[in-house]
file target_2.cif (mmCIF, C-alpha atoms and all ligand atoms)
data_work
#
loop_
_atom_site.label_atom_id
_atom_site.label_comp_id
_atom_site.auth_asym_id
_atom_site.auth_seq_id
_atom_site.Cartn_x
_atom_site.Cartn_y
_atom_site.Cartn_z
CA MET H 1 121.34 89.12 78.04
CA ILE H 2 117.93 89.20 79.65
CA ASN H 3 118.18 88.88 83.43
CA ILE H 4 115.86 87.20 85.90
CA PRO H 5 113.29 89.62 87.42
CA LYS H 6 114.29 91.14 90.78
CA GLY H 7 113.18 89.09 93.78
CA THR H 8 112.88 85.80 91.89
CA LYS H 9 115.23 82.82 91.82
CA ASP H 10 116.08 79.92 89.54
CA VAL H 11 116.32 76.55 91.21
CA LEU H 12 119.34 75.14 89.37
CA PRO H 13 119.94 71.41 88.77
CA SER H 14 122.59 71.52 91.51
CA ASP H 15 119.99 72.73 94.05
CA SER H 16 116.74 71.10 92.95
CA ARG H 17 117.54 68.03 95.04
CA LYS H 18 117.13 70.16 98.19
CA TRP H 19 113.64 71.17 97.11
CA GLN H 20 112.68 67.63 96.16
CA TYR H 21 114.04 66.36 99.48
CA ALA H 22 112.05 68.95 101.44
CA GLU H 23 108.85 68.54 99.40
CA ASP H 24 109.03 64.77 99.71
CA LYS H 25 109.39 64.95 103.51
CA LEU H 26 106.52 67.45 103.75
CA ARG H 27 104.16 65.36 101.61
CA LYS H 28 104.91 62.39 103.85
CA VAL H 29 104.07 64.38 107.00
CA ALA H 30 100.87 65.62 105.33
CA ALA H 31 99.84 62.01 104.66
CA LEU H 32 100.53 61.14 108.31
CA TYR H 33 98.09 63.91 109.28
CA ASN H 34 95.43 62.66 106.83
CA ALA H 35 95.70 65.88 104.80
CA ARG H 36 94.86 65.75 101.07
CA GLU H 37 96.53 67.95 98.48
CA ILE H 38 94.56 70.82 96.97
CA ARG H 39 95.72 72.74 93.90
CA THR H 40 94.24 76.11 92.99
CA PRO H 41 95.15 78.51 90.16
CA THR H 42 98.15 80.82 90.38
CA PHE H 43 95.86 83.83 89.94
CA GLU H 44 92.44 84.78 91.28
CA HIS H 45 90.03 87.68 91.03
CA THR H 46 91.58 90.58 92.96
CA GLU H 47 88.38 90.96 94.99
CA LEU H 48 89.05 87.62 96.74
CA PHE H 49 92.24 88.92 98.38
CA VAL H 50 90.84 92.37 99.11
CA ARG H 51 87.86 90.86 100.90
CA SER H 52 89.71 88.15 102.82
CA ILE H 53 93.18 89.55 103.60
CA GLY H 54 91.82 93.10 104.00
CA ASP H 55 92.55 96.29 102.07
CA GLU H 56 94.39 97.96 104.97
CA THR H 57 97.02 95.22 105.16
CA ASP H 58 100.48 95.71 103.61
CA VAL H 59 99.90 92.62 101.47
CA VAL H 60 96.81 94.05 99.76
CA SER H 61 97.61 97.75 99.80
CA LYS H 62 101.28 97.58 98.76
CA GLU H 63 102.43 94.14 97.68
CA MET H 64 100.01 92.53 95.26
CA TYR H 65 100.80 91.79 91.62
CA THR H 66 97.53 93.03 90.18
CA PHE H 67 96.76 93.59 86.51
CA GLU H 68 93.83 93.87 84.18
CA ASP H 69 93.49 90.92 81.81
CA LYS H 70 92.46 91.28 78.18
CA GLY H 71 88.83 90.87 79.21
CA GLY H 72 89.05 93.88 81.53
CA ARG H 73 88.96 91.80 84.77
CA SER H 74 91.15 92.69 87.71
CA ILE H 75 93.39 89.69 88.36
CA THR H 76 95.97 89.14 91.12
CA LEU H 77 98.80 86.61 91.39
CA ARG H 78 98.12 84.85 94.70
CA PRO H 79 100.07 86.43 97.57
CA GLU H 80 99.25 83.39 99.76
CA GLY H 81 97.22 80.18 99.80
CA THR H 82 94.53 80.55 102.46
CA ALA H 83 92.09 82.74 100.51
CA PRO H 84 92.26 80.68 97.27
CA VAL H 85 91.69 77.42 99.18
CA ALA H 86 88.73 79.00 101.02
CA ARG H 87 87.34 80.19 97.66
CA SER H 88 87.66 76.67 96.31
CA TYR H 89 86.05 75.20 99.44
CA VAL H 90 82.99 77.43 99.00
CA GLU H 91 82.79 77.21 95.21
CA ASN H 92 83.06 73.41 95.15
CA ALA H 93 80.75 72.96 98.16
CA LEU H 94 83.46 70.96 99.92
CA GLU H 95 81.45 71.22 103.14
CA SER H 96 79.42 68.33 101.71
CA MET H 97 82.48 66.11 102.22
CA SER H 98 82.84 64.85 105.76
CA LEU H 99 84.34 67.47 108.01
CA PRO H 100 86.87 68.21 109.30
CA LEU H 101 88.48 68.39 105.89
CA LYS H 102 92.26 68.59 105.99
CA THR H 103 94.04 70.01 102.97
CA TYR H 104 97.63 70.83 102.16
CA TYR H 105 99.44 72.58 99.33
CA ILE H 106 102.88 73.44 97.98
CA ILE H 107 102.58 76.65 95.97
CA SER H 108 104.38 79.64 94.58
CA ALA H 109 103.15 82.99 95.92
CA PHE H 110 103.87 86.56 94.88
CA ARG H 111 104.40 89.73 96.89
CA TYR H 112 105.99 92.96 95.70
CA GLU H 113 108.33 93.39 98.68
CA ARG H 114 111.87 94.76 98.92
CA PRO H 115 113.95 91.65 98.23
CA GLN H 116 116.57 90.51 100.73
CA ALA H 117 117.84 87.20 102.10
CA GLY H 118 114.73 85.14 102.85
CA ARG H 119 112.38 87.68 101.28
CA LEU H 120 111.46 87.28 97.64
CA ARG H 121 108.85 88.52 95.22
CA GLU H 122 108.11 85.01 94.08
CA PHE H 123 108.41 82.58 96.96
CA HIS H 124 106.99 79.20 97.90
CA GLN H 125 104.83 77.94 100.72
CA PHE H 126 103.96 74.57 102.13
CA GLY H 127 100.65 75.04 103.92
CA SER H 128 97.64 73.33 105.36
CA GLU H 129 94.06 74.49 105.82
CA ILE H 130 91.61 72.55 107.97
CA TYR H 131 87.85 73.13 107.59
CA GLY H 132 85.12 72.32 110.08
CA ALA H 133 87.52 72.88 112.92
CA SER H 134 86.02 74.89 115.78
CA SER H 135 87.46 72.79 118.58
CA PRO H 136 90.78 73.77 120.17
CA TYR H 137 91.85 70.15 119.56
CA LEU H 138 92.10 71.09 115.88
CA ASP H 139 94.27 74.10 116.74
CA LEU H 140 96.50 71.60 118.52
CA ASP H 141 96.42 69.19 115.57
CA CYS H 142 97.33 72.02 113.19
CA ILE H 143 100.19 73.29 115.37
CA THR H 144 101.48 69.73 115.85
CA PHE H 145 101.35 69.22 112.06
CA ALA H 146 103.41 72.41 111.59
CA TYR H 147 105.85 71.33 114.30
CA ASP H 148 106.27 67.84 112.82
CA ALA H 149 106.73 69.35 109.35
CA LEU H 150 109.63 71.46 110.64
CA ARG H 151 111.07 68.46 112.46
CA ALA H 152 110.78 66.25 109.36
CA LEU H 153 113.03 68.75 107.59
CA GLY H 154 115.58 68.21 110.35
CA LEU H 155 115.23 71.77 111.68
CA LYS H 156 116.20 72.59 115.23
CA GLY H 157 115.94 75.52 117.59
CA ILE H 158 112.72 76.96 116.16
CA LYS H 159 110.47 78.57 118.76
CA LEU H 160 106.68 78.51 118.76
CA LYS H 161 105.04 81.83 119.68
CA LEU H 162 101.34 81.77 120.39
CA ASN H 163 98.70 84.41 120.87
CA SER H 164 94.95 84.89 120.63
CA ILE H 165 93.54 87.89 118.80
CA GLY H 166 89.97 87.08 119.84
CA CYS H 167 86.80 87.39 117.78
CA ALA H 168 85.10 90.41 116.20
CA ASN H 169 83.48 91.23 119.57
CA CYS H 170 86.71 91.24 121.57
CA ARG H 171 88.32 93.24 118.81
CA LYS H 172 85.75 96.06 119.11
CA LYS H 173 86.80 96.76 122.69
CA TYR H 174 90.45 96.23 121.85
CA THR H 175 90.34 98.59 118.86
CA GLU H 176 88.93 101.33 121.12
CA ALA H 177 91.82 100.79 123.55
CA LEU H 178 94.32 100.87 120.69
CA ARG H 179 92.82 104.07 119.29
CA ALA H 180 93.03 105.74 122.68
CA TYR H 181 96.69 104.67 122.96
CA PHE H 182 97.73 105.69 119.44
CA ALA H 183 95.69 108.96 119.45
CA GLU H 184 98.27 110.62 121.69
CA ARG H 185 101.21 109.42 119.58
CA LEU H 186 99.81 109.67 116.07
CA ASP H 187 101.77 112.76 115.03
CA GLU H 188 105.01 110.79 115.59
CA MET H 189 103.85 107.96 113.33
CA CYS H 190 104.23 107.42 109.57
CA PRO H 191 101.61 108.63 107.04
CA THR H 192 100.35 105.04 106.42
CA CYS H 193 99.70 104.53 110.15
CA ARG H 194 97.91 107.88 110.35
CA GLU H 195 95.70 106.82 107.45
CA ARG H 196 95.02 103.36 108.88
CA TYR H 197 94.30 104.70 112.37
CA GLY H 198 90.65 105.46 111.67
CA ARG H 199 89.95 102.41 109.50
CA ASN H 200 91.89 99.46 111.03
CA ALA H 201 93.89 100.36 114.14
CA LEU H 202 95.07 96.75 114.57
CA ARG H 203 97.25 97.13 111.47
CA LEU H 204 99.29 99.87 113.19
CA LEU H 205 100.82 97.00 115.13
CA ASP H 206 102.57 95.54 112.06
CA CYS H 207 104.12 98.74 110.68
CA LYS H 208 107.83 98.22 109.95
CA VAL H 209 108.89 101.89 110.31
CA PRO H 210 111.28 101.93 113.34
CA ARG H 211 109.54 104.74 115.28
CA CYS H 212 106.09 103.20 114.66
CA LYS H 213 107.46 99.84 115.84
CA GLU H 214 108.74 101.42 119.07
CA ILE H 215 105.37 103.02 119.74
CA ALA H 216 103.49 99.80 118.89
CA ALA H 217 105.65 97.88 121.39
CA GLY H 218 104.01 99.79 124.25
CA ALA H 219 100.42 99.36 122.98
CA PRO H 220 97.77 97.43 124.97
CA VAL H 221 97.77 93.67 124.22
CA ILE H 222 94.66 91.93 123.00
CA LEU H 223 94.96 89.06 125.49
CA ASP H 224 93.67 91.53 128.11
CA TYR H 225 90.51 92.15 126.04
CA LEU H 226 89.35 88.61 125.21
CA CYS H 227 85.67 87.71 125.74
CA ASP H 228 84.90 84.68 127.95
CA ASP H 229 84.58 82.24 125.03
CA CYS H 230 87.80 83.34 123.35
CA ARG H 231 89.66 83.25 126.66
CA ALA H 232 88.37 79.72 127.36
CA HIS H 233 89.45 78.61 123.85
CA HIS H 234 92.93 80.08 124.36
CA GLU H 235 93.35 78.56 127.81
CA LYS H 236 92.21 75.14 126.61
CA LEU H 237 94.73 75.27 123.75
CA CYS H 238 97.51 76.26 126.17
CA SER H 239 96.66 73.34 128.44
CA LEU H 240 96.63 70.95 125.45
CA LEU H 241 100.00 72.28 124.31
CA ASP H 242 101.38 71.84 127.82
CA CYS H 243 100.44 68.15 127.65
CA SER H 244 101.76 67.74 124.10
CA GLY H 245 105.30 68.63 125.12
CA ILE H 246 105.72 71.18 122.29
CA PRO H 247 107.59 74.09 123.86
CA TYR H 248 105.86 77.45 123.29
CA GLU H 249 105.67 80.96 124.58
CA VAL H 250 102.57 83.15 124.70
CA ASP H 251 103.51 86.40 122.99
CA GLY H 252 100.92 89.21 122.99
CA GLY H 253 102.87 90.91 120.20
CA ILE H 254 101.98 88.29 117.56
CA VAL H 255 99.06 89.76 115.59
CA ARG H 256 99.88 88.50 112.04
CA GLY H 257 99.65 90.80 109.04
CA LEU H 258 96.41 89.48 107.54
CA ASP H 259 92.89 90.53 108.57
CA TYR H 260 91.13 87.16 108.44
CA TYR H 261 92.47 85.73 111.71
CA THR H 262 90.29 85.09 114.76
CA ARG H 263 91.40 83.68 118.11
CA THR H 264 94.54 81.53 117.80
CA VAL H 265 97.54 82.94 115.93
CA PHE H 266 101.03 81.47 116.00
CA GLU H 267 104.47 81.72 114.45
CA PHE H 268 107.52 79.48 114.44
CA VAL H 269 110.59 81.72 114.58
CA THR H 270 114.35 81.30 114.45
CA GLU H 271 117.16 83.65 115.36
CA GLU H 272 119.39 82.18 112.66
CA LEU H 273 117.87 83.99 109.66
CA GLY H 274 118.28 87.62 110.73
CA ALA H 275 115.32 89.88 110.03
CA GLN H 276 113.35 87.19 108.16
CA GLY H 277 113.14 84.86 111.15
CA THR H 278 109.52 83.75 110.78
CA VAL H 279 109.73 80.37 109.09
CA LEU H 280 106.06 79.51 109.49
CA GLY H 281 102.89 81.38 110.43
CA GLY H 282 99.28 80.45 110.91
CA GLY H 283 96.14 80.63 112.92
CA ARG H 284 92.40 80.27 113.11
CA TYR H 285 90.08 82.14 110.75
CA ASP H 286 86.50 81.35 111.69
CA ASP H 287 84.84 84.22 109.75
CA LEU H 288 86.61 83.89 106.40
CA VAL H 289 84.43 81.26 104.72
CA GLU H 290 81.24 83.17 105.57
CA SER H 291 82.76 86.46 104.38
CA ILE H 292 83.28 85.01 100.91
CA GLY H 293 79.80 83.51 100.60
CA GLY H 294 79.95 80.18 102.46
CA LYS H 295 78.39 78.92 105.68
CA PRO H 296 79.99 79.81 109.03
CA THR H 297 82.91 77.37 109.31
CA GLY H 298 85.62 77.03 111.91
CA CYS H 299 89.01 76.88 110.15
CA VAL H 300 92.63 76.76 111.13
CA GLY H 301 95.81 76.56 109.06
CA PHE H 302 99.44 77.47 108.58
CA ALA H 303 102.00 78.15 105.88
CA MET H 304 105.74 77.59 105.94
CA GLY H 305 108.08 79.66 103.78
CA MET H 306 109.98 77.08 101.74
CA GLU H 307 112.95 79.35 100.90
CA ARG H 308 113.40 80.21 104.58
CA ALA H 309 113.08 76.57 105.63
CA ILE H 310 115.65 75.44 103.03
CA MET H 311 118.04 78.28 103.96
CA LEU H 312 117.85 77.14 107.56
CA MET H 313 118.33 73.48 106.59
CA GLU H 314 121.50 74.50 104.73
CA LYS H 315 122.71 76.52 107.73
CA GLN H 316 122.05 73.64 110.09
CA GLY H 317 123.90 71.19 107.85
CA VAL H 318 120.98 68.93 106.90
CA ASP H 319 122.15 66.14 104.57
CA PHE H 320 120.06 66.39 101.39
CA GLY H 321 121.69 63.33 99.82
CA LYS H 322 123.21 63.41 96.35
CA ASP H 323 121.83 63.14 92.84
CA GLY H 324 123.50 60.41 90.87
CA VAL H 325 123.15 57.81 88.16
CA ASP H 326 123.34 54.06 88.88
CA VAL H 327 125.44 53.05 85.88
CA PHE H 328 127.62 54.93 83.44
CA VAL H 329 128.58 52.92 80.37
CA ILE H 330 131.98 53.85 78.99
CA SER H 331 132.62 53.30 75.33
CA GLN H 332 136.14 52.34 74.31
CA SER H 333 135.74 53.61 70.76
CA PRO H 334 133.27 55.90 68.95
CA ASP H 335 131.93 53.04 66.80
CA LEU H 336 130.61 51.32 69.97
CA VAL H 337 128.31 54.21 70.94
CA GLY H 338 125.32 52.43 69.35
CA THR H 339 125.99 49.27 71.40
CA CYS H 340 126.44 51.35 74.57
CA MET H 341 123.15 53.10 73.93
CA GLU H 342 121.37 49.75 73.56
CA ILE H 343 122.85 48.59 76.90
CA VAL H 344 121.78 51.84 78.54
CA SER H 345 118.30 51.51 77.12
CA ASP H 346 117.96 47.95 78.51
CA LEU H 347 119.17 49.14 81.92
CA ARG H 348 116.65 51.98 81.99
CA HIS H 349 113.82 49.63 81.06
CA ALA H 350 114.93 47.39 83.92
CA GLY H 351 114.57 50.32 86.33
CA ILE H 352 118.26 51.19 86.61
CA SER H 353 119.22 54.79 85.86
CA ALA H 354 121.93 54.82 83.23
CA ASP H 355 123.82 57.04 80.83
CA THR H 356 126.63 56.75 78.31
CA GLU H 357 129.07 58.79 76.28
CA MET H 358 127.68 60.39 73.14
CA THR H 359 130.16 63.17 72.43
CA GLY H 360 133.24 61.13 71.38
CA ARG H 361 135.42 61.87 74.44
CA SER H 362 138.47 59.89 75.54
CA MET H 363 138.12 57.08 78.12
CA LYS H 364 139.84 59.26 80.73
CA ALA H 365 137.38 62.09 80.12
CA GLN H 366 134.48 59.63 80.30
CA PHE H 367 135.65 58.34 83.71
CA LYS H 368 135.91 61.93 84.91
CA TYR H 369 132.43 62.70 83.63
CA ALA H 370 131.02 59.52 85.23
CA ASP H 371 132.54 60.62 88.53
CA LYS H 372 131.04 64.12 88.22
CA GLN H 373 127.64 62.50 87.57
CA ASN H 374 128.00 60.56 90.83
CA ALA H 375 127.79 57.27 89.00
CA ALA H 376 127.66 54.30 91.36
CA TYR H 377 128.98 51.81 88.76
CA VAL H 378 130.80 52.00 85.44
CA VAL H 379 130.93 49.38 82.73
CA VAL H 380 133.57 49.61 79.99
CA ILE H 381 132.48 48.35 76.57
CA GLY H 382 135.25 47.54 74.10
CA GLY H 383 135.88 45.08 71.29
CA SER H 384 136.74 42.18 73.66
CA GLU H 385 133.52 42.70 75.67
CA THR H 386 131.31 42.67 72.61
CA GLU H 387 133.12 39.56 71.31
CA SER H 388 133.12 37.57 74.53
CA GLY H 389 129.75 38.85 75.77
CA GLN H 390 131.33 39.27 79.24
CA VAL H 391 131.73 42.67 80.99
CA LYS H 392 133.17 43.95 84.24
CA VAL H 393 130.91 46.10 86.42
CA LYS H 394 133.04 48.37 88.59
CA ARG H 395 131.72 49.96 91.78
CA LEU H 396 133.29 53.40 92.01
CA SER H 397 132.99 53.76 95.79
CA ASP H 398 135.56 51.01 96.43
CA GLY H 399 136.80 49.97 92.99
CA LYS H 400 135.35 46.44 93.44
CA GLU H 401 134.64 44.68 90.13
CA VAL H 402 132.12 41.97 89.35
CA GLU H 403 132.08 40.08 86.06
CA CYS H 404 128.81 39.27 84.34
CA GLY H 405 127.20 38.69 80.94
CA ILE H 406 126.57 41.75 78.79
CA ASN H 407 122.84 41.13 79.17
CA GLY H 408 123.11 40.57 82.91
CA ILE H 409 124.30 44.05 83.99
CA ALA H 410 120.91 45.03 85.41
CA ALA H 411 120.68 41.93 87.60
CA CYS H 412 124.29 42.31 88.71
CA VAL H 413 123.82 45.96 89.64
CA LYS H 414 120.52 45.23 91.41
CA GLU H 415 122.24 42.53 93.46
CA ASN H 416 125.02 44.93 94.30
CA ILE H 417 122.59 47.72 95.18
CA GLN H 418 120.80 45.30 97.49
CA TRP H 419 124.08 44.17 98.92
CA GLN H 420 125.14 47.80 99.44
CA ASN H 421 121.91 48.64 101.25
CA LEU H 422 122.24 45.86 103.77
P1 LIG T 1 102.36 84.71 106.10
O1 LIG T 1 102.91 84.90 107.48
O2 LIG T 1 102.07 85.91 105.32
O3 LIG T 1 101.03 83.83 106.28
O4 LIG T 1 103.33 83.77 105.28
C1 LIG T 1 103.71 82.49 105.78
C2 LIG T 1 105.20 82.28 105.59
O5 LIG T 1 105.55 82.49 104.22
C3 LIG T 1 106.08 83.29 106.34
O6 LIG T 1 106.25 82.88 107.67
C4 LIG T 1 107.37 83.24 105.56
O7 LIG T 1 108.15 82.12 105.97
C5 LIG T 1 106.88 83.00 104.15
N1 LIG T 1 106.89 84.28 103.38
C6 LIG T 1 105.98 85.26 103.40
N2 LIG T 1 106.33 86.26 102.57
C7 LIG T 1 107.51 85.90 102.01
C8 LIG T 1 108.39 86.48 101.07
N3 LIG T 1 108.15 87.66 100.50
N4 LIG T 1 109.53 85.82 100.74
C9 LIG T 1 109.81 84.61 101.29
N5 LIG T 1 109.00 84.00 102.17
C10 LIG T 1 107.87 84.63 102.55
C11 LIG T 1 100.30 83.40 105.24
O8 LIG T 1 100.62 83.46 104.09
C12 LIG T 1 99.02 82.70 105.69
N6 LIG T 1 98.27 82.31 104.49
C13 LIG T 1 99.34 81.49 106.54
C14 LIG T 1 98.11 80.74 106.97
C15 LIG T 1 97.62 79.61 106.40
N7 LIG T 1 97.28 81.11 107.92
C16 LIG T 1 96.28 80.25 107.99
N8 LIG T 1 96.46 79.34 107.07
#
call {"tool": "encode", "arguments": {"input": "target_2.cif", "output": "structure tokens"}}
result
Amino acid sequence: MINIPKGTKDVLPSDSRKWQYAEDKLRKVAALYNAREIRTPTFEHTELFVRSIGDETDVVSKEMYTFEDKGGRSITLRPEGTAPVARSYVENALESMSLPLKTYYIISAFRYERPQAGRLREFHQFGSEIYGASSPYLDLDCITFAYDALRALGLKGIKLKLNSIGCANCRKKYTEALRAYFAERLDEMCPTCRERYGRNALRLLDCKVPRCKEIAAGAPVILDYLCDDCRAHHEKLCSLLDCSGIPYEVDGGIVRGLDYYTRTVFEFVTEELGAQGTVLGGGRYDDLVESIGGKPTGCVGFAMGMERAIMLMEKQGVDFGKDGVDVFVISQSPDLVGTCMEIVSDLRHAGISADTEMTGRSMKAQFKYADKQNAAYVVVIGGSETESGQVKVKRLSDGKEVECGINGIAACVKENIQWQNL
């Protein structure tokens, strides 16, 4: 037997409903926010991620699925959606559309991480990227979109943590302060941190090694180093959030693990998923478009981890509904299978989902199967039905039967469905 690769998961027929339920809700919220779907390829040139996410980040330096294709190009399976969407924005000159441009996506993403509950090597994200968005009102719109997306999934008890990591100017001063702080503690830190110290001291803040984490917890916080403009942006966003009623907490420890962020960064976290408690992360990235060849463009976005969101929905008892078939046609004898298939075909063409027995099982076994398929109605077809042209449609939820013509099953079921929905 060939097994599934480590860190990946099949979505089985018994579970796919949960994904469809979640995706459907999320697409509806996206439409409410006037966001349009964007689809980009599963793989990109490696250089895109190196330049945008940054080569000192864990994602780029340790976790990317990178390979050389047959043409000798370095290709990487996308570890996230922001950089590919930005590449597409620049390449397709989307700035010529009216801005702000609001996009959303539902994608698979790939990171070579140590798998555990809520952490996979292939995972999925629902995300949004907004272009032409320098105003803090768009930070608010983006955060509200994320918040409403979580609420549409029925999730509760998720906390919003907000921070600002300033612009390149604030970060110069901050990096000096960080270097001074870490310099005295560097010999206690891991080899990766020692290497990163000289090149990108900010990344020492996301090291997962316990001792490094302890040291990082006492480091200076960037909020104390913001320039006047970044501070004003942050304060305006806080005042807008206060009015919006979305509960939040400013947390100087949120720095995000990707280099492209500027100013606003945020995470929605839960305590119900253990170590993988960040369900959604995002922020502003005003320098990214320019760094990959476009014009300076204010941008803000977020991505939600679909596996984490669905795990939490399961934990919180969200009702995903049930898959089922409207009508199951039971055949009293094997020579009636052809007739049953014709009935089923007519029902399907009339917009009623239907199925019938094709394997020659007993009536009892067919009833059992119909029940397992969550059939709403069954119709038994035997010699007397085909002779008289009259059938009984039985509703399985309460056993109620309605008699109708063999060609009138669709209308009868539709009436009953309508009646049931009242
Ligand atoms: P991220 O924080 O790296 O941000 O990922 C966003 C979310 O994806 C996480 O909060 C988590 O729920 C989920 N996630 C990440 N890695 C894994 C994994 N290995 N297994 C399962 N779920 C995972 C980004 O990706 C940014 N592109 C978000 C963004 C969009 N910022 C601006 N626009």
call {"tool": "residues_near_ligand", "arguments": {"input": "target_2.cif", "ligand": "ligand LIG 1 (chain T)", "cutoff": "7 Å", "atoms": "all atoms listed in the file", "output": "JSON, numbers by chain"}}
result
{"H": [80, 81, 82, 111, 113, 118, 119, 120, 121, 122, 123, 124, 125, 127, 128, 129, 256, 257, 278, 279, 280, 281, 282, 283, 284, 300, 301, 302, 303, 304, 305, 306, 307, 308]}
call {"tool": "write_last_selection", "arguments": {"input": "target_2.cif", "atoms": "C-alpha atoms", "output": "JSON list (two decimals), in the coordinates of the input"}}
result
[["chain", "number", "residue", "atom", "x", "y", "z"],
["H", 80, "GLU", "CA", 99.25, 83.39, 99.76],
["H", 81, "GLY", "CA", 97.22, 80.18, 99.80],
["H", 82, "THR", "CA", 94.53, 80.55, 102.46],
["H", 111, "ARG", "CA", 104.40, 89.73, 96.89],
["H", 113, "GLU", "CA", 108.33, 93.39, 98.68],
["H", 118, "GLY", "CA", 114.73, 85.14, 102.85],
["H", 119, "ARG", "CA", 112.38, 87.68, 101.28],
["H", 120, "LEU", "CA", 111.46, 87.28, 97.64],
["H", 121, "ARG", "CA", 108.85, 88.52, 95.22],
["H", 122, "GLU", "CA", 108.11, 85.01, 94.08],
["H", 123, "PHE", "CA", 108.41, 82.58, 96.96],
["H", 124, "HIS", "CA", 106.99, 79.20, 97.90],
["H", 125, "GLN", "CA", 104.83, 77.94, 100.72],
["H", 127, "GLY", "CA", 100.65, 75.04, 103.92],
["H", 128, "SER", "CA", 97.64, 73.33, 105.36],
["H", 129, "GLU", "CA", 94.06, 74.49, 105.82],
["H", 256, "ARG", "CA", 99.88, 88.50, 112.04],
["H", 257, "GLY", "CA", 99.65, 90.80, 109.04],
["H", 278, "THR", "CA", 109.52, 83.75, 110.78],
["H", 279, "VAL", "CA", 109.73, 80.37, 109.09],
["H", 280, "LEU", "CA", 106.06, 79.51, 109.49],
["H", 281, "GLY", "CA", 102.89, 81.38, 110.43],
["H", 282, "GLY", "CA", 99.28, 80.45, 110.91],
["H", 283, "GLY", "CA", 96.14, 80.63, 112.92],
["H", 284, "ARG", "CA", 92.40, 80.27, 113.11],
["H", 300, "VAL", "CA", 92.63, 76.76, 111.13],
["H", 301, "GLY", "CA", 95.81, 76.56, 109.06],
["H", 302, "PHE", "CA", 99.44, 77.47, 108.58],
["H", 303, "ALA", "CA", 102.00, 78.15, 105.88],
["H", 304, "MET", "CA", 105.74, 77.59, 105.94],
["H", 305, "GLY", "CA", 108.08, 79.66, 103.78],
["H", 306, "MET", "CA", 109.98, 77.08, 101.74],
["H", 307, "GLU", "CA", 112.95, 79.35, 100.90],
["H", 308, "ARG", "CA", 113.40, 80.21, 104.58]]
call {"tool": "residues_around", "arguments": {"input": "target_2.cif", "residues": "H:Glu195", "least_positions_apart": "6", "cutoff": "10 Å", "atoms": "all atoms listed in the file", "output": "PyMOL selection string"}}
result
chain H and resi 56+186+201+204
call {"tool": "atom_distance", "arguments": {"input": "target_2.cif", "atom1": "atom CA of H:Val250", "atom2": "atom CA of H:Leu150"}}
result
19.6 Å
call {"tool": "atom_distance", "arguments": {"input": "target_2.cif", "atom1": "atom CA of H:Arg27", "atom2": "atom CA of H:Ala83"}}
result
21.2 Å
call {"tool": "atom_distance", "arguments": {"input": "target_2.cif", "atom1": "atom CA of H:Cys238", "atom2": "atom CA of H:Tyr137"}}
result
10.6 Å
call {"tool": "residues_around", "arguments": {"input": "target_2.cif", "residues": "H:Asp10", "least_positions_apart": "3", "cutoff": "12 Å", "atoms": "only C-alpha atoms", "output": "list in words"}}
result
Asn3, Ile4, Pro5, Lys6, Gly7, Pro13, Ser14, Asp15, Ser16, Trp19, Leu120, Glu122, Phe123 and Glu307 of chain H
call {"tool": "closest_residue", "arguments": {"input": "target_2.cif", "among": "H:Ala86, H:Ala146, H:Met363, H:Met358", "to": "H:Glu267", "atoms": "all atoms listed in the file"}}
result
H:Ala146
call {"tool": "residues_around", "arguments": {"input": "target_2.cif", "residues": "H:Val378", "least_positions_apart": "5", "cutoff": "8 Å", "atoms": "all atoms listed in the file", "output": "PDB file with C-alpha atoms, keeping the file's coordinate frame"}}
result
ATOM      1  CA  VAL H 327     125.440  53.050  85.880  1.00  0.00           C
ATOM      2  CA  PHE H 328     127.620  54.930  83.440  1.00  0.00           C
ATOM      3  CA  VAL H 329     128.580  52.920  80.370  1.00  0.00           C
ATOM      4  CA  ILE H 330     131.980  53.850  78.990  1.00  0.00           C
ATOM      5  CA  ALA H 370     131.020  59.520  85.230  1.00  0.00           C
ATOM      6  CA  VAL H 393     130.910  46.100  86.420  1.00  0.00           C
ATOM      7  CA  LYS H 394     133.040  48.370  88.590  1.00  0.00           C
ATOM      8  CA  ARG H 395     131.720  49.960  91.780  1.00  0.00           C
ATOM      9  CA  LEU H 396     133.290  53.400  92.010  1.00  0.00           C
TER      10      LEU H 396
END
call {"tool": "residues_around", "arguments": {"input": "target_2.cif", "residues": "H:Ser88", "least_positions_apart": "5", "cutoff": "12 Å", "atoms": "all atoms listed in the file", "output": "ChimeraX atom specification"}}
result
/H:38-41,44,48,81-83,93-95,103,129,131,289,292-294
call {"tool": "residues_around", "arguments": {"input": "target_2.cif", "residues": "H:Arg78", "least_positions_apart": "2", "cutoff": "8 Å", "atoms": "only C-alpha atoms", "output": "PyMOL selection string"}}
result
chain H and resi 42-44+64+76+80-81+84+109-110
call {"tool": "residues_near_point", "arguments": {"input": "target_2.cif", "point": "(101.6, 70.7, 102.1)", "cutoff": "7 Å", "atoms": "all atoms listed in the file", "output": "number ranges by chain"}}
result
H: 26-27, 30, 37, 104-106, 126-128
call {"tool": "axis_aligned_box", "arguments": {"input": "target_2.cif", "around": "stretch 307-313 of chain H", "padding_each_side": "5 Å", "output": "JSON"}}
result
{"center_x": 115.6, "center_y": 76.8, "center_z": 104.2, "size_x": 15.4, "size_y": 16.7, "size_z": 16.7}
call {"tool": "residues_near_point", "arguments": {"input": "target_2.cif", "point": "(88.6, 92.4, 123.4)", "cutoff": "8 Å", "atoms": "all atoms listed in the file", "output": "list in words"}}
result
Gly166, Cys167, Asn169, Cys170, Arg171, Lys172, Lys173, Tyr174, Thr175, Ile222, Leu223, Asp224, Tyr225, Leu226 and Cys227 of chain H
